[in-house]
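Just target-v2.cif here, mmCIF, N, CA, C and O atoms:
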```cif
data_final
loop_
_atom_site.label_atom_id
_atom_site.label_comp_id
_atom_site.auth_asym_id
_atom_site.auth_seq_id
_atom_site.Cartn_x
_atom_site.Cartn_y
_atom_site.Cartn_z
N VAL U 1400 111.04 98.03 94.63
CA VAL U 1400 109.75 97.72 94.04
C VAL U 1400 108.92 98.98 93.98
O VAL U 1400 109.13 99.91 94.76
N GLU U 1401 108.00 99.00 93.06
CA GLU U 1401 107.03 100.08 93.03
C GLU U 1401 105.78 99.57 93.70
O GLU U 1401 105.38 98.43 93.48
N GLY U 1402 105.17 100.40 94.54
CA GLY U 1402 103.97 99.96 95.21
C GLY U 1402 103.43 101.00 96.16
O GLY U 1402 103.93 102.12 96.22
N VAL U 1403 102.43 100.58 96.88
CA VAL U 1403 101.79 101.45 97.86
C VAL U 1403 102.56 101.30 99.17
O VAL U 1403 102.50 100.24 99.81
N GLN U 1404 103.26 102.35 99.56
CA GLN U 1404 104.14 102.28 100.72
C GLN U 1404 103.42 101.79 101.97
O GLN U 1404 103.93 100.91 102.66
N GLY U 1405 102.25 102.33 102.25
CA GLY U 1405 101.52 101.93 103.46
C GLY U 1405 101.18 100.45 103.46
O GLY U 1405 101.28 99.78 104.50
N LEU U 1406 100.78 99.91 102.32
CA LEU U 1406 100.46 98.48 102.24
C LEU U 1406 101.71 97.62 102.41
O LEU U 1406 101.68 96.60 103.11
N LEU U 1407 102.80 98.05 101.79
CA LEU U 1407 104.05 97.29 101.95
C LEU U 1407 104.53 97.31 103.39
O LEU U 1407 105.05 96.31 103.90
N GLU U 1408 104.33 98.43 104.09
CA GLU U 1408 104.68 98.50 105.51
C GLU U 1408 103.82 97.56 106.34
O GLU U 1408 104.31 96.88 107.25
N VAL U 1409 102.52 97.50 106.04
CA VAL U 1409 101.62 96.59 106.75
C VAL U 1409 102.06 95.14 106.51
O VAL U 1409 102.11 94.32 107.43
N MET U 1410 102.39 94.82 105.26
CA MET U 1410 102.83 93.47 104.93
C MET U 1410 104.07 93.08 105.73
O MET U 1410 104.11 92.03 106.37
N LEU U 1411 105.09 93.93 105.71
CA LEU U 1411 106.31 93.64 106.45
C LEU U 1411 106.04 93.56 107.95
O LEU U 1411 106.54 92.67 108.64
N GLY U 1412 105.22 94.47 108.46
CA GLY U 1412 104.88 94.45 109.88
C GLY U 1412 104.20 93.15 110.29
O GLY U 1412 104.53 92.56 111.34
N ASN U 1413 103.27 92.66 109.47
CA ASN U 1413 102.60 91.40 109.77
C ASN U 1413 103.59 90.24 109.77
O ASN U 1413 103.54 89.36 110.64
N LEU U 1414 104.48 90.21 108.79
CA LEU U 1414 105.46 89.13 108.72
C LEU U 1414 106.39 89.12 109.93
O LEU U 1414 106.67 88.07 110.52
N VAL U 1415 106.87 90.30 110.31
CA VAL U 1415 107.77 90.39 111.46
C VAL U 1415 107.03 90.06 112.76
O VAL U 1415 107.53 89.30 113.60
N ASP U 1416 105.83 90.58 112.93
CA ASP U 1416 105.03 90.27 114.13
C ASP U 1416 104.80 88.76 114.25
O ASP U 1416 104.94 88.19 115.34
N ASN U 1417 104.45 88.11 113.13
CA ASN U 1417 104.24 86.66 113.16
C ASN U 1417 105.52 85.93 113.53
O ASN U 1417 105.50 84.99 114.34
N ALA U 1418 106.64 86.34 112.94
CA ALA U 1418 107.91 85.67 113.21
C ALA U 1418 108.29 85.79 114.67
O ALA U 1418 108.73 84.82 115.30
N VAL U 1419 108.12 86.97 115.24
CA VAL U 1419 108.44 87.17 116.66
C VAL U 1419 107.50 86.35 117.54
O VAL U 1419 107.93 85.68 118.48
N ALA U 1420 106.21 86.37 117.22
CA ALA U 1420 105.23 85.65 118.03
C ALA U 1420 105.48 84.14 118.02
O ALA U 1420 105.22 83.46 119.02
N HIS U 1421 105.97 83.60 116.92
CA HIS U 1421 106.13 82.16 116.79
C HIS U 1421 107.54 81.67 117.14
O HIS U 1421 107.78 80.47 117.14
N SER U 1422 108.44 82.59 117.43
CA SER U 1422 109.80 82.21 117.83
C SER U 1422 109.85 82.00 119.34
O SER U 1422 109.14 82.68 120.09
N PRO U 1423 110.71 81.11 119.79
CA PRO U 1423 110.86 80.93 121.24
C PRO U 1423 111.55 82.14 121.86
O PRO U 1423 112.20 82.93 121.16
N ALA U 1424 111.42 82.28 123.15
CA ALA U 1424 112.10 83.36 123.86
C ALA U 1424 113.60 83.29 123.54
O ALA U 1424 114.19 82.21 123.56
N GLY U 1425 114.17 84.41 123.19
CA GLY U 1425 115.58 84.44 122.83
C GLY U 1425 115.85 83.98 121.41
O GLY U 1425 117.00 83.93 120.98
N GLY U 1426 114.79 83.63 120.69
CA GLY U 1426 114.93 83.17 119.31
C GLY U 1426 115.35 84.30 118.39
O GLY U 1426 115.33 85.48 118.75
N ARG U 1427 115.70 83.95 117.19
CA ARG U 1427 116.21 84.90 116.22
C ARG U 1427 115.24 85.01 115.04
O ARG U 1427 114.71 84.01 114.57
N VAL U 1428 115.03 86.23 114.58
CA VAL U 1428 114.24 86.49 113.38
C VAL U 1428 115.19 87.14 112.38
O VAL U 1428 115.90 88.09 112.71
N VAL U 1429 115.20 86.60 111.17
CA VAL U 1429 116.08 87.12 110.12
C VAL U 1429 115.22 87.75 109.03
O VAL U 1429 114.26 87.12 108.56
N ILE U 1430 115.57 88.97 108.65
CA ILE U 1430 114.86 89.69 107.59
C ILE U 1430 115.89 90.02 106.53
O ILE U 1430 116.95 90.56 106.84
N ALA U 1431 115.57 89.69 105.28
CA ALA U 1431 116.51 89.96 104.19
C ALA U 1431 115.75 90.43 102.96
O ALA U 1431 114.62 90.03 102.73
N VAL U 1432 116.40 91.29 102.19
CA VAL U 1432 115.90 91.69 100.88
C VAL U 1432 116.92 91.17 99.88
O VAL U 1432 118.10 91.52 99.94
N LEU U 1433 116.45 90.31 98.97
CA LEU U 1433 117.32 89.64 98.02
C LEU U 1433 116.94 90.05 96.60
O LEU U 1433 115.96 89.57 96.05
N PRO U 1434 117.70 90.95 95.98
CA PRO U 1434 117.39 91.36 94.61
C PRO U 1434 117.68 90.22 93.64
O PRO U 1434 118.67 89.51 93.79
N GLU U 1435 116.79 90.03 92.70
CA GLU U 1435 116.96 89.04 91.64
C GLU U 1435 116.83 89.77 90.30
O GLU U 1435 116.57 90.98 90.28
N ALA U 1436 116.97 89.07 89.20
CA ALA U 1436 117.00 89.70 87.88
C ALA U 1436 115.77 90.59 87.62
O ALA U 1436 115.92 91.76 87.31
N GLN U 1437 114.60 90.07 87.76
CA GLN U 1437 113.37 90.81 87.46
C GLN U 1437 112.48 90.97 88.69
O GLN U 1437 111.35 91.42 88.57
N ARG U 1438 112.99 90.54 89.86
CA ARG U 1438 112.16 90.52 91.06
C ARG U 1438 112.98 90.95 92.26
O ARG U 1438 114.20 91.01 92.22
N VAL U 1439 112.25 91.18 93.35
CA VAL U 1439 112.85 91.40 94.66
C VAL U 1439 112.20 90.41 95.61
O VAL U 1439 110.98 90.27 95.63
N ARG U 1440 113.03 89.71 96.36
CA ARG U 1440 112.55 88.71 97.30
C ARG U 1440 112.73 89.25 98.71
O ARG U 1440 113.85 89.56 99.13
N LEU U 1441 111.63 89.39 99.43
CA LEU U 1441 111.66 89.78 100.84
C LEU U 1441 111.53 88.50 101.64
O LEU U 1441 110.56 87.75 101.47
N ARG U 1442 112.50 88.21 102.48
CA ARG U 1442 112.52 86.96 103.25
C ARG U 1442 112.47 87.26 104.74
O ARG U 1442 113.22 88.10 105.24
N VAL U 1443 111.59 86.55 105.43
CA VAL U 1443 111.51 86.62 106.89
C VAL U 1443 111.55 85.18 107.40
O VAL U 1443 110.75 84.34 106.99
N GLU U 1444 112.51 84.91 108.28
CA GLU U 1444 112.68 83.57 108.86
C GLU U 1444 112.61 83.66 110.37
O GLU U 1444 113.10 84.62 110.97
N ASP U 1445 112.02 82.63 110.97
CA ASP U 1445 111.98 82.56 112.43
C ASP U 1445 112.52 81.20 112.88
O ASP U 1445 112.83 80.34 112.07
N GLU U 1446 112.60 81.03 114.19
CA GLU U 1446 113.09 79.78 114.78
C GLU U 1446 111.98 79.04 115.50
O GLU U 1446 112.23 78.26 116.41
N GLY U 1447 110.75 79.28 115.09
CA GLY U 1447 109.61 78.61 115.72
C GLY U 1447 109.45 77.19 115.24
O GLY U 1447 110.36 76.60 114.66
N ALA U 1448 108.26 76.65 115.45
CA ALA U 1448 107.97 75.26 115.10
C ALA U 1448 107.78 75.06 113.60
O ALA U 1448 107.81 73.94 113.11
N GLY U 1449 107.58 76.15 112.86
CA GLY U 1449 107.36 76.03 111.43
C GLY U 1449 105.93 75.60 111.13
O GLY U 1449 105.09 75.48 112.03
N ILE U 1450 105.66 75.36 109.88
CA ILE U 1450 104.34 74.91 109.43
C ILE U 1450 104.56 73.70 108.54
O ILE U 1450 105.34 73.77 107.57
N ALA U 1451 103.88 72.61 108.84
CA ALA U 1451 104.00 71.39 108.04
C ALA U 1451 103.60 71.69 106.60
O ALA U 1451 102.68 72.48 106.36
N PRO U 1452 104.28 71.09 105.63
CA PRO U 1452 103.98 71.36 104.22
C PRO U 1452 102.49 71.22 103.87
O PRO U 1452 101.96 72.03 103.12
N GLU U 1453 101.83 70.24 104.43
CA GLU U 1453 100.41 70.03 104.11
C GLU U 1453 99.49 71.08 104.73
O GLU U 1453 98.33 71.19 104.36
N GLU U 1454 100.00 71.88 105.65
CA GLU U 1454 99.21 72.93 106.30
C GLU U 1454 99.47 74.32 105.69
O GLU U 1454 98.75 75.27 106.00
N ARG U 1455 100.47 74.44 104.85
CA ARG U 1455 100.93 75.76 104.41
C ARG U 1455 99.89 76.55 103.64
O ARG U 1455 99.79 77.76 103.80
N GLU U 1456 99.13 75.93 102.79
CA GLU U 1456 98.13 76.68 102.02
C GLU U 1456 97.00 77.14 102.94
O GLU U 1456 96.43 78.21 102.73
N LYS U 1457 96.70 76.39 103.98
CA LYS U 1457 95.61 76.73 104.90
C LYS U 1457 95.86 78.03 105.65
O LYS U 1457 94.92 78.73 106.00
N VAL U 1458 97.12 78.35 105.93
CA VAL U 1458 97.42 79.51 106.78
C VAL U 1458 97.03 80.83 106.14
O VAL U 1458 97.02 81.86 106.81
N PHE U 1459 96.68 80.81 104.85
CA PHE U 1459 96.25 82.03 104.18
C PHE U 1459 94.75 82.26 104.31
O PHE U 1459 94.24 83.29 103.88
N GLU U 1460 94.04 81.31 104.93
CA GLU U 1460 92.60 81.47 105.15
C GLU U 1460 92.37 82.46 106.27
O GLU U 1460 93.08 82.45 107.29
N ARG U 1461 91.38 83.32 106.10
CA ARG U 1461 91.08 84.32 107.12
C ARG U 1461 90.60 83.65 108.40
O ARG U 1461 89.85 82.69 108.36
N PHE U 1462 91.05 84.18 109.52
CA PHE U 1462 90.67 83.77 110.88
C PHE U 1462 91.15 82.37 111.25
O PHE U 1462 90.77 81.85 112.27
N LEU U 1463 92.00 81.77 110.44
CA LEU U 1463 92.50 80.43 110.77
C LEU U 1463 93.62 80.53 111.79
O LEU U 1463 94.52 81.36 111.65
N ARG U 1464 93.55 79.69 112.79
CA ARG U 1464 94.62 79.58 113.77
C ARG U 1464 94.96 78.11 113.88
O ARG U 1464 94.12 77.30 114.24
N LEU U 1465 96.18 77.75 113.54
CA LEU U 1465 96.60 76.36 113.61
C LEU U 1465 96.74 75.93 115.06
O LEU U 1465 97.05 76.74 115.94
N GLU U 1466 96.53 74.65 115.29
CA GLU U 1466 96.68 74.11 116.64
C GLU U 1466 98.10 74.34 117.12
O GLU U 1466 99.07 74.18 116.37
N GLY U 1467 98.23 74.78 118.36
CA GLY U 1467 99.54 75.06 118.93
C GLY U 1467 100.05 76.46 118.66
O GLY U 1467 101.14 76.82 119.09
N ALA U 1468 99.26 77.27 117.94
CA ALA U 1468 99.67 78.65 117.67
C ALA U 1468 99.64 79.46 118.96
O ALA U 1468 98.85 79.18 119.85
N PRO U 1469 100.52 80.45 119.08
CA PRO U 1469 100.51 81.27 120.29
C PRO U 1469 99.16 81.96 120.48
O PRO U 1469 98.46 82.24 119.51
N VAL U 1470 98.83 82.22 121.73
CA VAL U 1470 97.58 82.91 122.04
C VAL U 1470 97.70 84.35 121.58
O VAL U 1470 98.76 84.96 121.68
N GLY U 1471 96.62 84.88 121.09
CA GLY U 1471 96.61 86.27 120.61
C GLY U 1471 96.54 86.30 119.10
O GLY U 1471 96.74 85.30 118.42
N GLY U 1472 96.21 87.43 118.60
CA GLY U 1472 96.08 87.58 117.15
C GLY U 1472 94.70 87.14 116.68
O GLY U 1472 93.95 86.51 117.41
N SER U 1473 94.41 87.48 115.45
CA SER U 1473 93.08 87.20 114.91
C SER U 1473 93.08 86.15 113.82
O SER U 1473 92.04 85.74 113.34
N GLY U 1474 94.26 85.70 113.40
CA GLY U 1474 94.32 84.75 112.31
C GLY U 1474 94.18 85.42 110.95
O GLY U 1474 93.85 84.77 109.96
N LEU U 1475 94.44 86.71 110.89
CA LEU U 1475 94.32 87.45 109.62
C LEU U 1475 95.67 87.79 108.99
O LEU U 1475 95.73 88.14 107.82
N GLY U 1476 96.75 87.72 109.74
CA GLY U 1476 98.04 88.22 109.29
C GLY U 1476 98.48 87.74 107.92
O GLY U 1476 98.77 88.55 107.03
N LEU U 1477 98.53 86.43 107.70
CA LEU U 1477 99.02 85.93 106.42
C LEU U 1477 98.02 86.11 105.29
O LEU U 1477 98.41 86.25 104.14
N SER U 1478 96.73 86.16 105.61
CA SER U 1478 95.76 86.44 104.55
C SER U 1478 95.92 87.89 104.07
O SER U 1478 95.81 88.17 102.87
N ILE U 1479 96.23 88.78 104.99
CA ILE U 1479 96.49 90.18 104.62
C ILE U 1479 97.77 90.27 103.79
O ILE U 1479 97.81 90.96 102.77
N VAL U 1480 98.80 89.56 104.21
CA VAL U 1480 100.07 89.56 103.48
C VAL U 1480 99.85 89.06 102.05
O VAL U 1480 100.35 89.66 101.09
N ARG U 1481 99.09 87.99 101.89
CA ARG U 1481 98.84 87.47 100.55
C ARG U 1481 98.09 88.48 99.69
O ARG U 1481 98.40 88.68 98.53
N ARG U 1482 97.09 89.13 100.28
CA ARG U 1482 96.31 90.10 99.51
C ARG U 1482 97.19 91.26 99.05
O ARG U 1482 97.10 91.72 97.92
N ILE U 1483 98.06 91.74 99.93
CA ILE U 1483 98.96 92.84 99.57
C ILE U 1483 99.94 92.38 98.48
O ILE U 1483 100.21 93.12 97.53
N ALA U 1484 100.44 91.17 98.59
CA ALA U 1484 101.32 90.63 97.54
C ALA U 1484 100.57 90.56 96.21
O ALA U 1484 101.11 90.94 95.17
N ASP U 1485 99.32 90.10 96.24
CA ASP U 1485 98.50 90.03 95.02
C ASP U 1485 98.33 91.41 94.39
O ASP U 1485 98.44 91.56 93.17
N ILE U 1486 98.04 92.40 95.22
CA ILE U 1486 97.85 93.77 94.73
C ILE U 1486 99.10 94.26 93.99
O ILE U 1486 99.01 94.98 93.01
N HIS U 1487 100.26 93.81 94.45
CA HIS U 1487 101.53 94.24 93.87
C HIS U 1487 102.07 93.24 92.84
O HIS U 1487 103.24 93.28 92.49
N ARG U 1488 101.20 92.34 92.35
CA ARG U 1488 101.55 91.34 91.35
C ARG U 1488 102.68 90.42 91.83
O ARG U 1488 103.55 90.00 91.06
N GLY U 1489 102.65 90.11 93.11
CA GLY U 1489 103.67 89.25 93.69
C GLY U 1489 103.10 87.91 94.12
O GLY U 1489 101.94 87.59 93.86
N ARG U 1490 103.94 87.15 94.78
CA ARG U 1490 103.51 85.84 95.30
C ARG U 1490 104.22 85.57 96.63
O ARG U 1490 105.22 86.21 96.94
N ILE U 1491 103.70 84.60 97.36
CA ILE U 1491 104.29 84.21 98.64
C ILE U 1491 104.71 82.75 98.55
O ILE U 1491 103.96 81.91 98.03
N GLU U 1492 105.89 82.46 99.07
CA GLU U 1492 106.39 81.09 99.15
C GLU U 1492 106.71 80.79 100.61
O GLU U 1492 107.42 81.56 101.26
N LEU U 1493 106.17 79.70 101.12
CA LEU U 1493 106.46 79.26 102.48
C LEU U 1493 107.38 78.06 102.42
O LEU U 1493 107.21 77.17 101.58
N GLY U 1494 108.34 78.03 103.32
CA GLY U 1494 109.28 76.91 103.37
C GLY U 1494 109.85 76.79 104.77
O GLY U 1494 109.40 77.44 105.71
N GLU U 1495 110.85 75.96 104.88
CA GLU U 1495 111.50 75.75 106.16
C GLU U 1495 112.75 76.62 106.25
O GLU U 1495 113.55 76.67 105.31
N ALA U 1496 112.89 77.31 107.37
CA ALA U 1496 114.08 78.13 107.60
C ALA U 1496 115.29 77.23 107.78
O ALA U 1496 115.16 76.05 108.11
N GLU U 1497 116.45 77.79 107.58
CA GLU U 1497 117.71 77.04 107.64
C GLU U 1497 117.83 76.16 108.88
O GLU U 1497 118.13 74.99 108.78
N GLY U 1498 117.60 76.70 110.06
CA GLY U 1498 117.75 75.93 111.28
C GLY U 1498 116.43 75.42 111.84
O GLY U 1498 116.32 75.17 113.03
N GLY U 1499 115.44 75.26 111.00
CA GLY U 1499 114.09 74.93 111.46
C GLY U 1499 113.31 76.22 111.55
O GLY U 1499 113.84 77.31 111.38
N GLY U 1500 112.05 76.13 111.79
CA GLY U 1500 111.21 77.32 111.80
C GLY U 1500 110.65 77.58 110.42
O GLY U 1500 110.79 76.77 109.50
N LEU U 1501 110.03 78.73 110.27
CA LEU U 1501 109.35 79.07 109.01
C LEU U 1501 110.15 80.09 108.22
O LEU U 1501 110.70 81.03 108.79
N ARG U 1502 110.18 79.89 106.91
CA ARG U 1502 110.73 80.88 105.99
C ARG U 1502 109.57 81.37 105.12
O ARG U 1502 108.86 80.57 104.52
N VAL U 1503 109.36 82.67 105.09
CA VAL U 1503 108.35 83.29 104.24
C VAL U 1503 109.07 84.18 103.25
O VAL U 1503 109.81 85.08 103.64
N ASP U 1504 108.87 83.90 101.97
CA ASP U 1504 109.41 84.74 100.91
C ASP U 1504 108.24 85.43 100.21
O ASP U 1504 107.29 84.77 99.79
N VAL U 1505 108.32 86.74 100.11
CA VAL U 1505 107.38 87.50 99.29
C VAL U 1505 108.17 87.94 98.08
O VAL U 1505 109.17 88.65 98.21
N VAL U 1506 107.75 87.50 96.91
CA VAL U 1506 108.47 87.79 95.66
C VAL U 1506 107.65 88.81 94.89
O VAL U 1506 106.50 88.56 94.53
N LEU U 1507 108.27 89.98 94.67
CA LEU U 1507 107.60 91.10 94.01
C LEU U 1507 108.36 91.49 92.76
O LEU U 1507 109.58 91.37 92.71
N PRO U 1508 107.65 91.99 91.73
CA PRO U 1508 108.35 92.45 90.54
C PRO U 1508 109.25 93.63 90.88
O PRO U 1508 108.89 94.50 91.67
N SER U 1509 110.42 93.64 90.29
CA SER U 1509 111.35 94.74 90.49
C SER U 1509 110.86 95.97 89.74
O SER U 1509 110.24 95.85 88.67
N ALA U 1510 111.12 97.14 90.26
CA ALA U 1510 110.75 98.38 89.57
C ALA U 1510 111.50 98.48 88.25
O ALA U 1510 111.05 99.15 87.34
N ARG U 1511 112.61 97.78 88.12
CA ARG U 1511 113.41 97.79 86.89
C ARG U 1511 112.86 96.83 85.85
O ARG U 1511 113.28 96.84 84.72
N ALA U 1512 111.93 95.94 86.27
CA ALA U 1512 111.41 94.90 85.33
C ALA U 1512 110.54 95.52 84.26
O ALA U 1512 109.91 96.52 84.42
#
```
Could you take the file, read its structure, and then write that structure out as C-alpha cells?
Amino acid sequence: VEGVQGLLEVMLGNLVDNAVAHSPAGGRVVIAVLPEAQRVRLRVEDEGAGIAPEEREKVFERFLRLEGAPVGGSGLGLSIVRRIADIHRGRIELGEAEGGGLRVDVVLPSARA
C-alpha cells in the first residue's frame, strides 16, 4: 500500500496491542497480510471474548470502554485505527475470529490499484 509509514505503524501497533490485551494468558494473536485484486487486507485476530455484533460500531467511539474490557488503556485505540484507515481511503471490518475472539480486517487500496 502507499501511505504514511508512521501512521500505518501506529495503526498496526494499536491493533496488536488490543489483540494482546483482550486475549487470555497463553492466547494466540494472528496477524496476516492478504493481497487481493485491488486491495490489501491486514487481518489481526485474537482469542478473547470478541465483540457482540450489536456493539461493533460503538467501539470506534472515542474513550469508549465496553463492559468487561481489561483495565488500562484510554478507549482511543480503534477510533485511531479507523481514522488512519480513512486517511488511507480504507475501511475496517470487525467479525468473529475462527476459534472465537475478534477478527479485525483493515482493507486498504493496493498501490497497484
Hits of the PyMOL selection byres ((chain U and resi 1500-1506) around 8) in this structure, as a ChimeraX atom specification: /U:1414,1418,1421-1422,1427-1433,1437-1450,1480,1484-1485,1487-1499,1507-1509
Strand (DSSP E) per DSSP on the backbone: members of chain U, as a ChimeraX atom specification: /U:1429-1434,1438-1444,1490-1495,1501-1508
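For the residues U:Val1400, U:Ala1424, U:Val1458, U:Leu1406, ranking by smallest atom-to-atom distance to Gly1476 in chain U using all atoms listed in the file places U:Val1458 first.
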Separation of atom N of Arg1482 in chain U from CA of Phe1459 in chain U, in Å and rounded to one decimal: 8.1 Å
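Among the residues of range 1401-1461 of chain U, backbone DSSP assigns alpha helix (DSSP H) to Gln1404, Gly1405, Leu1406, Leu1407, Glu1408, Val1409, Met1410, Leu1411, Gly1412, Asn1413, Leu1414, Val1415, Asp1416, Asn1417, Ala1418, Val1419, Ala1420 and His1421 of chain U.
Rounded to one decimal, CA of Ile1483 in chain U and CA of Gly1412 in chain U lie 12.0 Å from each other.
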Residue with smallest distance to Asn1417 in chain U - pool U:Ala1510, U:Leu1477, U:Glu1456, U:Glu1435, counting all atoms listed in the file: U:Leu1477
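Take CA of Asp1416 in chain U and CA of Ile1486 in chain U: the distance between them is 21.0 Å.
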